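Data file: final_31.txt. Format and content: compact mmCIF, C-alpha atoms.
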```txt
# COMPACT_ATOMS: atom_id res chain seq x y z
CA MET A 27 -154.57 -77.86 7.61
CA HIS A 28 -156.91 -80.69 8.55
CA THR A 29 -158.57 -81.83 11.78
CA ASP A 30 -161.36 -84.17 12.80
CA ILE A 31 -163.46 -81.64 14.69
CA ALA A 32 -163.22 -77.84 14.72
CA VAL A 33 -164.95 -76.10 17.63
CA ILE A 34 -165.60 -72.40 17.13
CA GLY A 35 -165.77 -70.69 20.51
CA ALA A 36 -163.71 -71.64 23.57
CA GLY A 37 -166.37 -70.60 26.03
CA PRO A 38 -167.92 -72.99 28.57
CA ALA A 39 -169.88 -75.05 26.00
CA GLY A 40 -167.01 -75.36 23.54
CA LEU A 41 -164.51 -76.28 26.25
CA ALA A 42 -166.88 -78.79 27.83
CA PHE A 43 -167.51 -80.46 24.47
CA ALA A 44 -163.77 -80.86 23.91
CA ALA A 45 -163.42 -82.28 27.41
CA PHE A 46 -166.20 -84.81 26.83
CA LEU A 47 -164.27 -86.10 23.81
CA ALA A 48 -161.03 -86.72 25.68
CA ASN A 49 -159.57 -90.17 24.95
CA ARG A 50 -162.03 -90.78 22.09
CA GLY A 51 -159.39 -90.66 19.36
CA TYR A 52 -160.48 -87.35 17.80
CA GLN A 53 -158.13 -84.53 16.90
CA ILE A 54 -159.86 -81.30 17.91
CA ALA A 55 -159.11 -77.67 17.04
CA LEU A 56 -160.54 -75.05 19.42
CA ILE A 57 -160.79 -71.66 17.72
CA ASP A 58 -161.38 -68.43 19.61
CA ARG A 59 -160.92 -64.70 19.13
CA GLN A 60 -159.33 -64.34 22.56
CA SER A 61 -155.71 -65.01 23.43
CA ARG A 62 -154.60 -68.13 25.32
CA GLU A 63 -153.69 -65.86 28.24
CA ASP A 64 -157.23 -64.46 28.46
CA LEU A 65 -158.76 -67.94 28.15
CA ALA A 66 -156.54 -69.23 30.95
CA ALA A 67 -157.40 -66.38 33.33
CA PRO A 68 -160.85 -65.08 32.36
CA GLN A 69 -161.87 -61.77 33.88
CA ASP A 70 -164.81 -61.61 36.27
CA ASP A 71 -167.87 -60.66 34.21
CA GLY A 72 -170.31 -60.38 37.10
CA ARG A 73 -172.26 -63.47 36.14
CA GLU A 74 -172.94 -66.15 38.74
CA ILE A 75 -174.05 -69.53 37.37
CA ALA A 76 -176.70 -71.63 39.12
CA LEU A 77 -175.77 -75.26 38.55
CA THR A 78 -178.17 -78.18 38.79
CA HIS A 79 -177.09 -81.49 40.32
CA LYS A 80 -176.90 -82.98 36.82
CA SER A 81 -174.46 -80.27 35.75
CA VAL A 82 -172.33 -80.84 38.84
CA ARG A 83 -172.20 -84.57 38.06
CA LEU A 84 -171.08 -83.80 34.51
CA LEU A 85 -168.42 -81.35 35.69
CA LYS A 86 -167.15 -83.91 38.20
CA SER A 87 -166.92 -86.53 35.45
CA LEU A 88 -164.66 -84.12 33.52
CA GLY A 89 -162.47 -83.37 36.54
CA VAL A 90 -163.59 -79.74 36.37
CA TRP A 91 -165.56 -79.48 39.60
CA GLN A 92 -162.48 -80.62 41.52
CA ARG A 93 -160.51 -77.64 40.16
CA LEU A 94 -162.84 -75.05 41.70
CA GLN A 95 -161.77 -73.37 44.93
CA ALA A 96 -163.89 -73.74 48.06
CA ASP A 97 -164.69 -70.02 48.20
CA GLU A 98 -166.00 -70.14 44.61
CA VAL A 99 -168.84 -72.57 45.37
CA SER A 100 -172.01 -71.64 47.22
CA GLU A 101 -174.78 -74.09 48.08
CA LEU A 102 -178.31 -73.05 47.22
CA ALA A 103 -180.45 -74.19 50.15
CA SER A 104 -183.76 -72.76 48.94
CA ALA A 105 -185.31 -70.22 46.59
CA GLN A 106 -188.03 -67.64 47.24
CA VAL A 107 -190.25 -65.84 44.75
CA VAL A 108 -192.18 -62.70 45.67
CA ASN A 109 -194.55 -60.64 43.53
CA GLY A 110 -195.27 -56.92 43.53
CA ARG A 111 -195.25 -55.43 47.02
CA SER A 112 -196.91 -58.43 48.61
CA PRO A 113 -195.04 -60.12 51.50
CA TYR A 114 -196.38 -63.47 50.27
CA CYS A 115 -193.59 -65.81 49.20
CA LEU A 116 -193.40 -68.92 47.03
CA GLN A 117 -190.62 -71.11 48.39
CA PHE A 118 -188.73 -74.05 46.93
CA ASP A 119 -186.45 -76.36 48.88
CA ASP A 120 -185.50 -80.02 48.94
CA ARG A 121 -186.94 -80.60 52.41
CA GLY A 122 -183.71 -81.37 54.19
CA ARG A 123 -182.33 -83.72 51.53
CA GLY A 124 -179.59 -81.35 50.42
CA PRO A 125 -179.09 -78.17 48.42
CA LEU A 126 -181.27 -77.28 45.44
CA GLY A 127 -178.13 -76.60 43.47
CA TYR A 128 -174.90 -74.61 43.55
CA ILE A 129 -173.82 -71.12 42.51
CA VAL A 130 -170.39 -70.60 40.96
CA PRO A 131 -168.89 -67.56 39.17
CA ASN A 132 -168.86 -67.90 35.40
CA ALA A 133 -165.19 -66.93 35.30
CA ALA A 134 -164.29 -69.74 37.72
CA ILE A 135 -166.08 -72.35 35.59
CA ARG A 136 -164.34 -71.13 32.45
CA ARG A 137 -160.95 -71.20 34.15
CA ALA A 138 -161.45 -74.75 35.44
CA LEU A 139 -162.73 -75.99 32.07
CA TYR A 140 -159.78 -74.45 30.26
CA ALA A 141 -157.32 -76.09 32.66
CA ALA A 142 -158.99 -79.48 32.18
CA VAL A 143 -158.88 -79.22 28.38
CA CYS A 144 -155.24 -78.10 28.41
CA ALA A 145 -154.38 -81.41 30.07
CA GLN A 146 -155.66 -83.29 26.99
CA GLN A 147 -153.33 -84.39 24.22
CA ASN A 148 -155.94 -84.32 21.44
CA VAL A 149 -156.81 -80.59 21.53
CA ARG A 150 -155.03 -77.79 19.67
CA PHE A 151 -155.92 -74.18 20.49
CA ILE A 152 -156.05 -71.63 17.68
CA ASP A 153 -156.34 -68.31 19.50
CA ARG A 154 -156.64 -64.70 18.35
CA THR A 155 -158.49 -66.01 15.30
CA THR A 156 -161.87 -65.22 13.76
CA VAL A 157 -163.71 -67.48 11.31
CA VAL A 158 -165.03 -65.34 8.45
CA ALA A 159 -166.47 -67.97 6.08
CA THR A 160 -167.34 -71.64 5.84
CA THR A 161 -167.80 -73.80 2.75
CA LEU A 162 -168.97 -77.40 2.43
CA GLY A 163 -166.82 -79.97 0.64
CA ASP A 164 -167.34 -83.62 -0.23
CA ASP A 165 -166.22 -85.06 3.11
CA SER A 166 -165.37 -81.97 5.16
CA ARG A 167 -166.24 -78.37 5.88
CA ALA A 168 -163.65 -75.66 5.29
CA LEU A 169 -163.21 -72.68 7.59
CA GLN A 170 -161.64 -69.45 6.37
CA TYR A 171 -159.81 -67.34 8.98
CA ASP A 172 -159.46 -63.58 9.07
CA SER A 173 -155.72 -64.17 8.52
CA GLY A 174 -156.47 -65.81 5.16
CA GLU A 175 -155.52 -69.28 6.36
CA GLN A 176 -157.92 -72.22 6.05
CA LEU A 177 -158.80 -75.30 8.11
CA GLU A 178 -160.73 -78.35 6.93
CA ALA A 179 -162.70 -80.41 9.44
CA ALA A 180 -164.90 -83.47 9.17
CA LEU A 181 -167.25 -81.76 11.64
CA VAL A 182 -167.58 -78.14 12.71
CA VAL A 183 -169.19 -77.35 16.07
CA ALA A 184 -170.44 -73.80 16.61
CA ALA A 185 -170.27 -72.63 20.23
CA ASP A 186 -169.84 -68.91 19.60
CA SER A 187 -172.70 -67.30 21.57
CA ARG A 188 -176.41 -66.77 20.97
CA PHE A 189 -175.53 -64.22 18.27
CA SER A 190 -173.44 -66.88 16.49
CA ASP A 191 -171.77 -65.71 13.29
CA THR A 192 -171.05 -69.35 12.43
CA ARG A 193 -174.73 -70.24 12.61
CA ARG A 194 -175.55 -67.39 10.26
CA MET A 195 -172.75 -68.26 7.82
CA ALA A 196 -174.09 -71.83 7.63
CA GLY A 197 -177.57 -70.52 6.78
CA ILE A 198 -179.26 -71.73 9.97
CA GLY A 199 -181.94 -69.34 11.15
CA ALA A 200 -183.02 -68.71 14.73
CA ASP A 201 -186.08 -67.44 16.53
CA MET A 202 -185.06 -64.49 18.68
CA ARG A 203 -187.06 -62.82 21.40
CA ASP A 204 -185.77 -59.43 22.48
CA PHE A 205 -187.36 -58.72 25.86
CA GLY A 206 -186.52 -55.02 25.63
CA ARG A 207 -184.78 -55.25 28.99
CA VAL A 208 -181.28 -55.31 30.38
CA ALA A 209 -179.85 -57.06 33.41
CA VAL A 210 -177.55 -54.95 35.56
CA VAL A 211 -175.37 -57.21 37.68
CA GLY A 212 -173.32 -56.30 40.74
CA ARG A 213 -172.29 -57.82 44.05
CA VAL A 214 -173.66 -56.48 47.31
CA ARG A 215 -172.76 -56.99 50.95
CA THR A 216 -175.78 -57.35 53.25
CA GLU A 217 -176.19 -56.70 56.94
CA LYS A 218 -177.97 -60.01 57.51
CA PRO A 219 -176.57 -63.35 56.33
CA HIS A 220 -178.28 -64.66 53.20
CA GLY A 221 -178.76 -68.17 54.62
CA ASN A 222 -177.97 -69.64 51.19
CA ILE A 223 -181.40 -68.51 50.00
CA ALA A 224 -181.91 -67.14 46.49
CA ARG A 225 -184.58 -64.47 46.30
CA GLU A 226 -186.43 -63.48 43.10
CA CYS A 227 -188.48 -60.30 43.48
CA PHE A 228 -190.88 -59.58 40.62
CA ARG A 229 -191.69 -55.97 41.38
CA TYR A 230 -193.66 -53.60 39.18
CA GLY A 231 -191.35 -51.95 36.65
CA SER A 232 -188.24 -53.95 37.59
CA THR A 233 -187.08 -57.34 38.81
CA LEU A 234 -184.42 -58.19 41.39
CA ALA A 235 -182.66 -61.49 41.95
CA LEU A 236 -180.33 -61.99 44.92
CA LEU A 237 -178.04 -64.99 44.54
CA PRO A 238 -176.15 -66.17 47.64
CA LEU A 239 -172.37 -66.45 47.34
CA ALA A 240 -169.86 -68.38 49.44
CA ASP A 241 -169.38 -65.41 51.81
CA THR A 242 -172.52 -65.51 53.98
CA HIS A 243 -172.98 -61.74 53.69
CA LEU A 244 -172.21 -61.45 49.97
CA SER A 245 -174.78 -61.82 47.18
CA SER A 246 -174.99 -61.18 43.47
CA ALA A 247 -177.72 -58.65 42.71
CA VAL A 248 -179.31 -58.93 39.27
CA VAL A 249 -181.54 -55.95 38.53
CA THR A 250 -183.68 -56.21 35.40
CA VAL A 251 -185.13 -52.99 34.00
CA PRO A 252 -186.45 -51.77 30.63
CA SER A 253 -183.60 -51.10 28.21
CA SER A 254 -184.44 -47.39 28.26
CA LYS A 255 -183.49 -47.31 31.96
CA GLY A 256 -180.39 -49.50 31.75
CA GLY A 257 -177.98 -46.59 31.38
CA GLU A 258 -179.59 -44.83 34.32
CA MET A 259 -179.19 -47.92 36.52
CA MET A 260 -175.54 -48.35 35.51
CA ALA A 261 -174.88 -44.65 36.27
CA LEU A 262 -176.19 -44.85 39.85
CA SER A 263 -173.68 -44.27 42.61
CA ASP A 264 -172.78 -47.27 44.75
CA GLU A 265 -174.96 -45.89 47.53
CA ASP A 266 -177.98 -45.41 45.26
CA PHE A 267 -177.58 -48.83 43.66
CA ALA A 268 -177.39 -50.43 47.11
CA GLY A 269 -180.46 -48.45 48.16
CA HIS A 270 -182.38 -49.75 45.12
CA VAL A 271 -181.43 -53.34 45.97
CA ALA A 272 -182.47 -52.87 49.60
CA ARG A 273 -185.87 -51.44 48.65
CA GLU A 274 -186.60 -54.01 45.95
CA SER A 275 -185.65 -56.89 48.25
CA GLY A 276 -188.20 -55.71 50.80
CA ASP A 277 -185.38 -54.84 53.18
CA ALA A 278 -185.09 -58.57 53.94
CA PRO A 279 -181.27 -58.49 53.98
CA GLY A 280 -181.07 -55.37 56.16
CA SER A 281 -178.69 -52.63 55.10
CA VAL A 282 -176.92 -53.13 51.76
CA ALA A 283 -173.56 -51.96 50.40
CA SER A 284 -172.47 -52.21 46.77
CA VAL A 285 -169.21 -54.11 46.22
CA GLY A 286 -167.07 -53.93 43.07
CA LYS A 287 -167.92 -53.28 39.45
CA ARG A 288 -171.32 -53.50 37.78
CA PHE A 289 -172.05 -55.11 34.41
CA SER A 290 -174.95 -54.79 31.97
CA TYR A 291 -176.34 -57.43 29.61
CA PRO A 292 -179.20 -57.15 27.09
CA LEU A 293 -181.84 -59.83 27.52
CA VAL A 294 -182.42 -61.69 24.26
CA ALA A 295 -183.55 -65.32 24.06
CA VAL A 296 -182.59 -67.43 21.03
CA TYR A 297 -183.71 -70.82 19.76
CA ALA A 298 -182.06 -72.09 16.57
CA LYS A 299 -184.45 -73.49 13.96
CA ASN A 300 -182.07 -76.42 13.50
CA PHE A 301 -179.27 -77.65 15.72
CA TYR A 302 -177.32 -79.04 12.80
CA THR A 303 -176.73 -78.88 9.09
CA GLU A 304 -174.40 -80.91 6.89
CA ARG A 305 -171.10 -81.40 8.76
CA MET A 306 -171.98 -78.78 11.38
CA ALA A 307 -173.68 -78.83 14.80
CA LEU A 308 -174.68 -76.07 17.22
CA ILE A 309 -174.21 -76.31 20.98
CA GLY A 310 -174.48 -73.95 23.94
CA ASP A 311 -176.04 -70.54 23.35
CA ALA A 312 -175.55 -70.93 19.60
CA ALA A 313 -178.32 -73.55 19.81
CA VAL A 314 -180.39 -72.23 22.74
CA GLY A 315 -179.85 -68.90 24.47
CA MET A 316 -182.00 -68.61 27.57
CA HIS A 317 -183.41 -65.72 29.59
CA PRO A 318 -181.57 -66.01 32.94
CA VAL A 319 -184.66 -65.89 35.16
CA THR A 320 -184.89 -69.69 35.52
CA ALA A 321 -181.09 -70.12 35.57
CA HIS A 322 -181.01 -72.86 32.94
CA GLY A 323 -178.71 -71.33 30.33
CA PHE A 324 -175.40 -72.89 31.33
CA ASN A 325 -177.07 -76.15 32.35
CA LEU A 326 -178.63 -76.57 28.89
CA GLY A 327 -175.35 -75.59 27.25
CA LEU A 328 -173.46 -78.24 29.21
CA ALA A 329 -176.19 -80.78 28.43
CA SER A 330 -175.91 -80.01 24.70
CA ALA A 331 -172.13 -80.58 24.77
CA ASP A 332 -172.64 -83.89 26.58
CA SER A 333 -175.45 -85.01 24.25
CA LEU A 334 -173.48 -84.28 21.07
CA ALA A 335 -170.35 -85.96 22.42
CA ARG A 336 -172.37 -89.09 23.24
CA GLN A 337 -173.42 -89.39 19.60
CA LEU A 338 -169.80 -89.30 18.43
CA GLN A 339 -168.58 -92.57 19.90
CA ARG A 340 -166.91 -93.90 16.72
CA PRO A 341 -164.20 -91.70 15.17
CA ALA A 342 -163.98 -93.98 12.13
CA SER A 343 -167.50 -93.01 11.03
CA LEU A 344 -167.00 -89.26 11.40
CA ARG A 345 -166.14 -88.74 7.72
CA LYS A 346 -169.02 -90.90 6.51
CA SER A 347 -171.77 -88.45 5.65
CA ASN A 348 -174.67 -90.82 6.33
CA ALA A 349 -173.33 -91.98 9.70
CA GLN A 350 -172.53 -88.44 10.81
CA GLY A 351 -175.93 -87.22 9.64
CA ARG A 352 -177.69 -89.85 11.75
CA ALA A 353 -175.61 -88.92 14.79
CA LEU A 354 -176.40 -85.21 14.41
CA ALA A 355 -180.12 -85.89 13.87
CA LYS A 356 -180.21 -87.95 17.07
CA TYR A 357 -178.43 -85.16 18.94
CA GLN A 358 -180.99 -82.63 17.71
CA PHE A 359 -183.88 -84.84 18.80
CA ILE A 360 -182.45 -85.33 22.30
CA HIS A 361 -181.55 -81.70 22.88
CA ARG A 362 -184.85 -80.38 21.56
CA LEU A 363 -186.68 -82.76 23.86
CA GLU A 364 -184.76 -81.38 26.82
CA SER A 365 -184.56 -77.71 25.88
CA LEU A 366 -187.81 -76.74 24.15
CA PRO A 367 -190.19 -77.13 27.13
CA ILE A 368 -187.78 -75.20 29.37
CA TYR A 369 -187.28 -72.48 26.75
CA GLN A 370 -190.98 -72.00 26.11
CA GLY A 371 -191.86 -72.21 29.80
CA THR A 372 -189.23 -69.65 30.74
CA ASN A 373 -190.47 -67.20 28.12
CA ARG A 374 -194.03 -67.57 29.40
CA VAL A 375 -192.91 -66.91 32.97
CA VAL A 376 -190.98 -63.82 31.88
CA GLY A 377 -193.92 -62.61 29.80
CA LEU A 378 -196.34 -62.96 32.71
CA PHE A 379 -194.15 -61.53 35.45
CA THR A 380 -193.07 -58.50 33.43
CA ASP A 381 -196.61 -57.65 32.27
CA GLU A 382 -197.76 -54.55 34.15
CA ARG A 383 -201.44 -54.74 33.14
CA TRP A 384 -203.84 -55.40 36.01
CA PRO A 385 -205.18 -58.77 34.71
CA ALA A 386 -201.59 -60.06 34.58
CA LYS A 387 -200.91 -58.75 38.08
CA LEU A 388 -203.91 -60.68 39.40
CA LEU A 389 -202.80 -63.80 37.54
CA ARG A 390 -199.29 -63.47 38.97
CA LYS A 391 -200.67 -63.55 42.49
CA ALA A 392 -202.84 -66.56 41.68
CA VAL A 393 -199.93 -68.46 40.09
CA LEU A 394 -197.76 -68.02 43.19
CA ARG A 395 -200.49 -69.15 45.57
CA VAL A 396 -201.50 -72.16 43.49
CA SER A 397 -197.85 -73.19 43.06
CA ASN A 398 -197.22 -72.87 46.78
CA ASN A 399 -200.25 -74.91 47.76
CA PHE A 400 -200.32 -77.51 44.97
CA SER A 401 -197.48 -79.85 45.82
CA PRO A 402 -197.15 -81.56 42.38
CA ILE A 403 -196.15 -78.24 40.81
CA ARG A 404 -193.60 -77.50 43.51
CA ARG A 405 -192.22 -81.04 43.29
CA ALA A 406 -191.89 -80.79 39.51
CA ILE A 407 -189.93 -77.53 39.72
CA THR A 408 -187.75 -78.84 42.54
CA HIS A 409 -187.07 -82.03 40.58
CA GLN A 410 -185.90 -79.99 37.59
CA LEU A 411 -183.29 -78.40 39.83
CA THR A 412 -182.15 -81.43 41.83
CA ARG A 413 -182.27 -84.25 39.26
```
Whole structure, structure tokens version:
Amino acid sequence: MHTDIAVIGAGPAGLAFAAFLANRGYQIALIDRQSREDLAAPQDDGREIALTHKSVRLLKSLGVWQRLQADEVSELASAQVVNGRSPYCLQFDDRGRGPLGYIVPNAAIRRALYAAVCAQQNVRFIDRTTVVATTLGDDSRALQYDSGEQLEAALVVAADSRFSDTRRMAGIGADMRDFGRVAVVGRVRTEKPHGNIARECFRYGSTLALLPLADTHLSSAVVTVPSSKGGEMMALSDEDFAGHVARESGDAPGSVASVGKRFSYPLVAVYAKNFYTERMALIGDAAVGMHPVTAHGFNLGLASADSLARQLQRPASLRKSNAQGRALAKYQFIHRLESLPIYQGTNRVVGLFTDERWPAKLLRKAVLRVSNNFSPIRRAITHQLTR
């Protein structure tokens, strides 16, 4: 079998990339281990995605934003950051000009992206399939399936998570930072309305983020603890988990009740050493896997899909090695320029605000106060969200 572009991974980045290439003349194969039924109706995984204005514009251009239901979208009016047990708060808002961004369940985004791609005539889904090997030919790259079948593509795009098997099979290394922590995610109902305010509490020994959802009394609680305590946090009763959230939030939301299932995710950041090799490109988490504290993971993944698609304007040149190589090199340059400062900055923030030594604690307090009182810093962070 032959195709122009084979995308491995029908997650948000892979689906978005296929959607960006609608009406461009490419024949695309989307390969995923899941079934079509599971892709069409993804299960709630507890993750809520904070979308920047740029991401919303891109999703609107794909007709994806319009497929979301009203009760799946929450405006983010402002964000607060607190440190230790201090009541002092660093606050970000857009000073009455509109929301900082939007919060949407990951499952809702995946469902809407899948529906948009299914409406295209140039995409063929290959589900329940795992790629086990890849080999480079003269003008294509061959993919070997676990079934023994083979597909040849002029370009292969890996979008199969930060632990990408495709990236490894192609010999592309990655810098990984294991933070030794897990994020335990669960929804909570609060006595007081959240006011569309996100709250990030950097306590000592754990971190809590409260993300406002469409229901004014419902929030997503993201508790980050050392990996050694992850099992203990997951094993808490609903009452004890709600009590932990209430204490760590400074009792700002009033009484708290746990709602629904909890999920646990290891926190590992990944940055691929190259975003492409011959006849292959990496997008989404396969290229850059972010720590969630600055909420840029999905936004960078969507940006990578958009950037790569923009370099593939001419289907006729796809099989020309030199032309494709130039396009992939330009994509890498653009995405590194956008992603590397955010990746490095996020890791520094995480390193500082999870350091329990007293010099770091003093520096944390100083950083919050300087950021709050030095308007250029606040404006720069706000601009990153609202651009």
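Counting only C-alpha atoms, the residue from A:Val249, A:Met259, A:Leu88, A:Leu237 that sits nearest to Glu101 (chain A) is A:Leu237.
A straight line drawn from CA of Ala159 (chain A) to CA of Met306 (chain A) is 13.2 Å long.
With CA of Arg225 (chain A) on one side and CA of Ile129 (chain A) on the other, the separation reads 13.2 Å.
CA of Ala298 (chain A) lies 16.4 Å from CA of Ser333 (chain A).
Nearest residue to Arg73 (chain A), choosing from A:Thr161, A:Ser232, A:Gln337, A:Asn132 and counting only C-alpha atoms: A:Asn132.
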Handout entry: Selection near Ala312 (chain A), 6 Å with all atoms listed in the file, sequence-local residues under 2 positions removed, as a PyMOL selection string
Key = chain A and resi 185+187-188+190+308-310+314
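Comparing A:Pro292, A:Gly286, A:Gly256, A:Pro279 by their smallest distance to His317 (chain A), the closest is A:Pro292 (using only C-alpha atoms).
Excluding Pro125 (chain A) and any residue on its chain fewer than 6 positions from it, the residues at most 9 Å away by all atoms listed in the file are His79, Glu101, Leu102, Ala103, Ser104, Asp119 and Thr412 of chain A.
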Exercise for the section: Kindly indicate which residue among A:Val149, A:Val130, A:Val158, A:Ala44 lies nearest to Thr78 (chain A), using all atoms listed in the file for the distances. Expected result: A:Val130
Exercise for the section: Show which residues sit within 7 Å of region 179-182 of chain A, as a ChimeraX atom specification. Count all atoms listed in the file, and ignore same-chain residues fewer than 6 positions away. Expected result: /A:28-33,165-168,305-307,344-345
Practice task
For region 54-62 of chain A, list every protein, DNA or RNA residue within 9 Å, evaluated using only C-alpha atoms, and leave out those in the same chain fewer than 2 positions away; present the list as number ranges by chain.
Solution key: A: 29-37, 40-41, 44, 47, 52, 64-67, 148-157, 179, 186
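Each of A:His243, A:Arg352, A:Arg137, A:Arg213 was checked against Phe267 (chain A) using all atoms listed in the file; the smallest atom-to-atom distance is that of A:Arg213.
Of the residues listed (A:Gln117, A:Ala145, A:Asp71, A:Thr303), A:Thr303 shows the shortest atom-to-atom separation from Ser347 (chain A); distances use all atoms listed in the file.
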Exercise for the section: Identify, on the basis of only C-alpha atoms, every residue whose closest approach to region 197-200 of chain A does not exceed 9 Å; exclude the query and any residue fewer than 3 positions from it along the same chain; express the result as a ChimeraX atom specification. Expected result: /A:192-194,296-303,313
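Taking all atoms listed in the file into account, the protein, DNA and RNA residues within 7 Å of (-183.2, -62.6, 22.4) read Met202, Arg203, Asp204, Phe205, Leu293, Val294, Ala295 and Val296 of chain A.
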